[in-house]
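Participant: Can you keep this structure in mind? I'll have questions shortly.
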Amino acid sequence: MAPETLKRKLTAILSADVKGYSRLMGEDEEWTLRTLTSYKELIRNLVGEHRGRVVGSPGDNVLAEFASVVDAVECAVGIQQVLRTKNALLPETRKMDFRIGINLGDVIEEGDSIYGDGVNIAARLEALADAGGICISESAYQQIENKIPLRYDYLGEHTVKNIARPVKVYRARIEPEAAPAQVIVEKKPAGKGLSRAAMAIIAIVVIAGAVILYQFALRPSPSKTEIASKGKMALPLPDKPSIIVLPFVNMSADPKQEFFADGLTEEIINALSRLPNVFVIARNSSFAYKGKAVDLKQLGREMGVQYVLEGSVRREGNRIRITAQLIDSTTNRHVFSERYDREVKEIFATQDDIAIKVLTALRVAMKDEDFVLFQAKGVSNVEAYFKLLEARKHNEKGNKENNDRARRLAEEALLLDPGSSAAYARLAYADYIDLWVNPLVSREETITHGMTMAKKAIALDDNPYGHGTLALMYVQKRDYDKAVEEGERAAAMDPAMLGIYGTTLHHACRPTEAIPVIQKVLRLNPVKPPSGNLMVLALCYMNAGKYEEALLTSKRLLQENPDHFLGNIALTSTYARMGRMEEARAQLAEVLRINPKFSLDNYEKIIRYKNPDWTKKAIDTYRKLGLK
């Protein structure tokens with residue numbers, strides 16, 4: 001019988017390991033293993049997001065393959081950026097830095113594993129990389145030379161173990177201040193200078209590069225500007241037009257018109273967010289800059305976006321004047337500046353005009369079905385619209401008094417606009433908030449009424465907020481399959497509903513599915529992620545056994561909002577699951593400080609887990625801590 005033919009293929013290989021792993025293990029073996037496990041899981045997730053697959057992870061090493069070198073290098077950059085952020089939270093002696101090597105080479109595939117010189121070269125490149133750095137072979141560099149905007153240092157030829165020929169090595173720079181793609185040749189030692197001919201060639205290349213850079217600066221275009229900016233971003237630019245809409249400034253004499261300016265901002269954000277081919281920073285992070293002087297270039301880097309929309313609103317009687325300007329944050333170039341003098345009743349058309357002007361500038365073409373989504377607001381009466389804007393402000397405060405006010409405003413809006421799906425959705429959400437803040441309501445009656453309101457909103461125009469609130473109500477009914485179904489439908493219609501979808505997956509005891517959904521919410525909210533989403537993410541990590549991530553996420557939440565009740569519960573539970581009982585008891589004291597009446601009975605009413613074992617484990621955890 002003839003021997004089986006070996007299966008060979010050309011693939012991009014990424015090899016990563018920990019710099020100084022032996023030292024870390026010698027100092028604290030248990031901590032190092034926990035951290036390594038969590039970091040490797042992050043790497044595995046990023047590999048998947050970049051269309052790769054992990055083919056091995058022995059010890060402190062991770063080996064992955066990609067069909068594209070571009071995907072491999074972008075994944076490596078993402079890994080180092082994420083780990084740099086996580087390491088910033090650790091003491092200097094406990095930082096865990098990975099080195100990464102990337103090669104394009106021929107490999108032998110056997111089952112789920114790969115072997116051969118292609119893999120060996122990637123491993124040798126990894127050893128040449130600095131802590132937190134990336135080294136790539138010439139074969140890989142040739143594939144990305146003009147595709148990924150990084151600076152590259154040519155490190156020369158290196159003889160590596162078990163490889164017959166020297167390997168030409170490039171170091172990729174990923175510092176935020178990195179310039180557009182170019183190669184820097186490291187200086188040779190004295191006595192080994194370049195020939196005059198070589199120097200002449202380099203001079204020609206430098207001059208040509210200068211001419212190209214000059215022309216680039218004189219003739220900026222969206223695509224080229226994006227390339228120039230990517231290497232400078234604290235977060236990587238998305239692969240589609242990206243924008244943050246800053247809160248429009250209220251220029252009216254009446255400070256009560258502030259909600260009008262905020263509402264205009266929110267509606268433009270919502271309109272742009274409905275289109276799948278535009279990346280829009282979510283409201284929470286956008287409004288973190290309200291009232292602040294902003295350096296637009298720095299803002300673009302912090303948010304990982306290219307464009308910034310800002311403006312002002314002045315309302316006098318029935319007239320409004322709105323100014324709007326779009327700026328390319330990478331160059332501070334004004335893309336457009338417009339002024340709109342309209343009647344108040346034309347506010348909806350004006351919002352659409354501004355958003356369409358933005359899309360035109362970003363060169364985004366809308367399909368007919370996109371335009372339908374774009375225009376869907378769920379309200380047609382201007383006064384009803386203003387009441388719903390104010391109702392949302394009250395809802396956000398999350399207490400009984402403000403929730404009652406939000407309900408009254410939604411009811412008034414419904415009288416003005418009986419066909420308003422937005423008003424029905426707001427009433428449904430007021431019922432949901434009542435379940436948490438109003439101890440006097442009948443839970444069953446409130447859930448039933450809330451579901452009725454949500455279904456009316458859906459029946460009118462398939463309102464995504466109706467679907468989202470219905471999903472939350474199904475969780476309260478313990479109908480988890482329907483909750484997930486409605487949450488997924490809402491998120492598909494509007495990215496603002498991603499957090500609700502992640503919440504339903506969490507309650508359905510599907511944390512590994514919920515985690516990437518919530519992480520998308522955090523990418524849309526890089527500066528000020530919603531507290532509720534951080535809390536859900538922390539609990540997902542904890543229930544998935546990823547305690548280090550749960551710990552970091554809970555602490556991140558409580559840094560911004562130390563009195564967040566459920567955030568403190570998440571941190572308490574995580575400490576207890578890790579066996580750190582003394583810290584868990586200290587954190588429980590914080591829970592009781594915030595809510596002195598908190599008890600096991602209260603906790604059991606709050607929990608809505610599909611798996612009864614999860615509920616039992618949660619209750620037993622607090623019983624062990626001495627909660628009565």
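Residues are referred to by chain and number: the chain letter is A, B, ... according to the order shown in the structure tokens, the number counts from 1 in that chain, and ligands are numbered separately from 1 in the order shown.
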Please list as a list in words every residue within 6 Å of Ala131 of chain A, counting only C-alpha atoms and excluding residues in the same chain fewer than 2 positions away.
Facilitator: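 Skipping anything fewer than 2 positions along the chain leaves Lys19, Asp97, Phe98, Arg99 and Gly133 of chain A.
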Participant: With a distance cut-off of 10 Å and only C-alpha atoms, select the neighbouring residues of Val18 of chain A, excluding the residue or stretch itself and same-chain residues fewer than 3 positions from it, and output the selection as a list in words.
Facilitator: Tyr21, Ser22, Leu24, Leu36, Gly59, Asp60, Asn61, Val62, Met96, Asp97, Phe98, Arg99, Ile100, Glu126, Ala127, Ala131 and Gly132 of chain A
Participant: So that I have them on file, write out the residues from the current selection with N, CA and C atoms, as an mmCIF file, in the first residue's frame.
Facilitator:
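Output file again35.cif follows:
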```
data_model
loop_
_atom_site.group_PDB
_atom_site.id
_atom_site.type_symbol
_atom_site.label_atom_id
_atom_site.label_comp_id
_atom_site.auth_asym_id
_atom_site.auth_seq_id
_atom_site.Cartn_x
_atom_site.Cartn_y
_atom_site.Cartn_z
ATOM 1 N N TYR A 21 9.048 34.466 30.949
ATOM 2 C CA TYR A 21 8.040 33.581 31.557
ATOM 3 C C TYR A 21 8.602 32.835 32.771
ATOM 4 N N SER A 22 9.851 32.365 32.686
ATOM 5 C CA SER A 22 10.448 31.610 33.795
ATOM 6 C C SER A 22 10.557 32.473 35.044
ATOM 7 N N LEU A 24 8.612 35.035 35.853
ATOM 8 C CA LEU A 24 7.264 35.215 36.397
ATOM 9 C C LEU A 24 6.810 33.976 37.166
ATOM 10 N N LEU A 36 -1.762 33.961 32.560
ATOM 11 C CA LEU A 36 -1.466 33.368 31.265
ATOM 12 C C LEU A 36 -2.724 32.785 30.628
ATOM 13 N N GLY A 59 2.371 25.339 26.962
ATOM 14 C CA GLY A 59 3.090 26.231 27.865
ATOM 15 C C GLY A 59 2.677 27.670 27.679
ATOM 16 N N ASP A 60 3.674 28.543 27.475
ATOM 17 C CA ASP A 60 3.378 29.964 27.295
ATOM 18 C C ASP A 60 3.295 30.341 25.812
ATOM 19 N N ASN A 61 3.282 29.359 24.924
ATOM 20 C CA ASN A 61 3.279 29.618 23.484
ATOM 21 C C ASN A 61 1.874 29.528 22.897
ATOM 22 N N VAL A 62 1.628 30.367 21.884
ATOM 23 C CA VAL A 62 0.401 30.261 21.085
ATOM 24 C C VAL A 62 0.825 30.220 19.623
ATOM 25 N N MET A 96 2.929 40.931 31.889
ATOM 26 C CA MET A 96 3.155 39.741 31.073
ATOM 27 C C MET A 96 3.153 40.163 29.602
ATOM 28 N N ASP A 97 4.370 40.326 29.053
ATOM 29 C CA ASP A 97 4.527 40.785 27.675
ATOM 30 C C ASP A 97 4.771 39.602 26.738
ATOM 31 N N PHE A 98 4.020 39.574 25.655
ATOM 32 C CA PHE A 98 4.213 38.550 24.630
ATOM 33 C C PHE A 98 5.106 39.087 23.510
ATOM 34 N N ARG A 99 5.890 38.180 22.921
ATOM 35 C CA ARG A 99 6.633 38.461 21.698
ATOM 36 C C ARG A 99 5.947 37.698 20.563
ATOM 37 N N ILE A 100 5.923 38.299 19.381
ATOM 38 C CA ILE A 100 5.213 37.662 18.271
ATOM 39 C C ILE A 100 6.106 37.618 17.030
ATOM 40 N N GLU A 126 9.858 35.079 16.530
ATOM 41 C CA GLU A 126 9.270 35.406 17.839
ATOM 42 C C GLU A 126 10.375 35.663 18.855
ATOM 43 N N ALA A 127 11.420 34.814 18.853
ATOM 44 C CA ALA A 127 12.519 34.957 19.809
ATOM 45 C C ALA A 127 13.328 36.229 19.563
ATOM 46 N N ALA A 131 9.911 42.470 23.915
ATOM 47 C CA ALA A 131 8.702 42.276 24.713
ATOM 48 C C ALA A 131 7.626 43.242 24.225
ATOM 49 N N GLY A 132 6.446 42.702 23.908
ATOM 50 C CA GLY A 132 5.372 43.533 23.378
ATOM 51 C C GLY A 132 5.561 43.897 21.919
#
```
Participant: Env of Lys345 of chain A: 9 Å cut, atoms = only C-alpha atoms, seq-sep filter 2 positions within chain, self excluded. Answer as a compact mmCIF listing (two decimals) with N, CA and C atoms, in the first residue's frame.
Facilitator:
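Saved the output as around-v5.txt:
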```txt
# COMPACT_ATOMS: atom_id res chain seq x y z
N ASN A 318 -40.52 79.50 17.25
CA ASN A 318 -40.75 78.40 16.32
C ASN A 318 -39.64 78.25 15.28
N ARG A 319 -38.53 78.97 15.49
CA ARG A 319 -37.43 78.90 14.54
C ARG A 319 -36.21 78.23 15.19
N ARG A 342 -34.38 76.86 9.91
CA ARG A 342 -35.63 76.14 9.64
C ARG A 342 -36.68 76.48 10.71
N GLU A 343 -37.90 76.05 10.45
CA GLU A 343 -38.94 76.06 11.47
C GLU A 343 -38.80 74.81 12.33
N ILE A 347 -37.79 69.82 12.12
CA ILE A 347 -36.65 69.23 12.81
C ILE A 347 -36.29 67.85 12.28
N PHE A 348 -37.30 67.03 11.97
CA PHE A 348 -37.01 65.67 11.48
C PHE A 348 -36.28 65.72 10.14
N ALA A 349 -36.78 66.57 9.24
CA ALA A 349 -36.13 66.69 7.94
C ALA A 349 -34.71 67.24 8.09
N ASN A 381 -45.09 63.56 15.37
CA ASN A 381 -45.49 64.85 15.92
C ASN A 381 -44.31 65.49 16.65
N VAL A 382 -44.00 66.74 16.32
CA VAL A 382 -42.81 67.39 16.89
C VAL A 382 -42.92 67.54 18.40
N GLU A 383 -44.08 67.97 18.90
CA GLU A 383 -44.22 68.14 20.35
C GLU A 383 -44.13 66.80 21.08
```
Participant: Fewer than 2 positions away in the same chain doesn't count, so skip those; otherwise give me all residues within 10 Å of Thr512 of chain A, counting only C-alpha atoms, as a count of residues only.
Facilitator: 12
Participant: If you measure from atom CA of Tyr474 of chain A to atom CA of Ala282 of chain A, what distance in Å do you get, rounded to one decimal?
Facilitator: 25.6 Å
Participant: Would you give me, as number ranges by chain, the residues in segment 472-603 of chain A that DSSP reads as alpha helix (DSSP H)?
Facilitator: A: 472-476, 480-493, 498-507, 511-524, 531-543, 547-560, 565-577, 581-594, 600-603
Participant: Do a neighbour search on Leu42 of chain A at 12 Å with only C-alpha atoms, toss out local chain neighbours closer than 2 positions, and write the hits as a VMD selection string.
Facilitator: chain A and resid 35 to 40 44 to 49 54 62 75 to 76 78 to 83 86 515 to 516 519 541 546 548 to 549
Participant: What does the structure give for the distance between atom CA of Ala457 of chain A and atom CA of Glu346 of chain A, in Å to one decimal?
Facilitator: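 For atom CA of Ala457 of chain A relative to atom CA of Glu346 of chain A, the distance reads 24.0 Å.
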Participant: Determine, counting only C-alpha atoms, which protein, DNA and RNA residues have an atom within 12 Å of an atom of Ile281 of chain A; residues of the same chain fewer than 2 positions away are not included. Present the result as an MDAnalysis selection string.
Facilitator: chainID A and resid 237:238 241:246 266 268:270 272:273 278:279 283:288 299:300 302:309 495:496 520:529
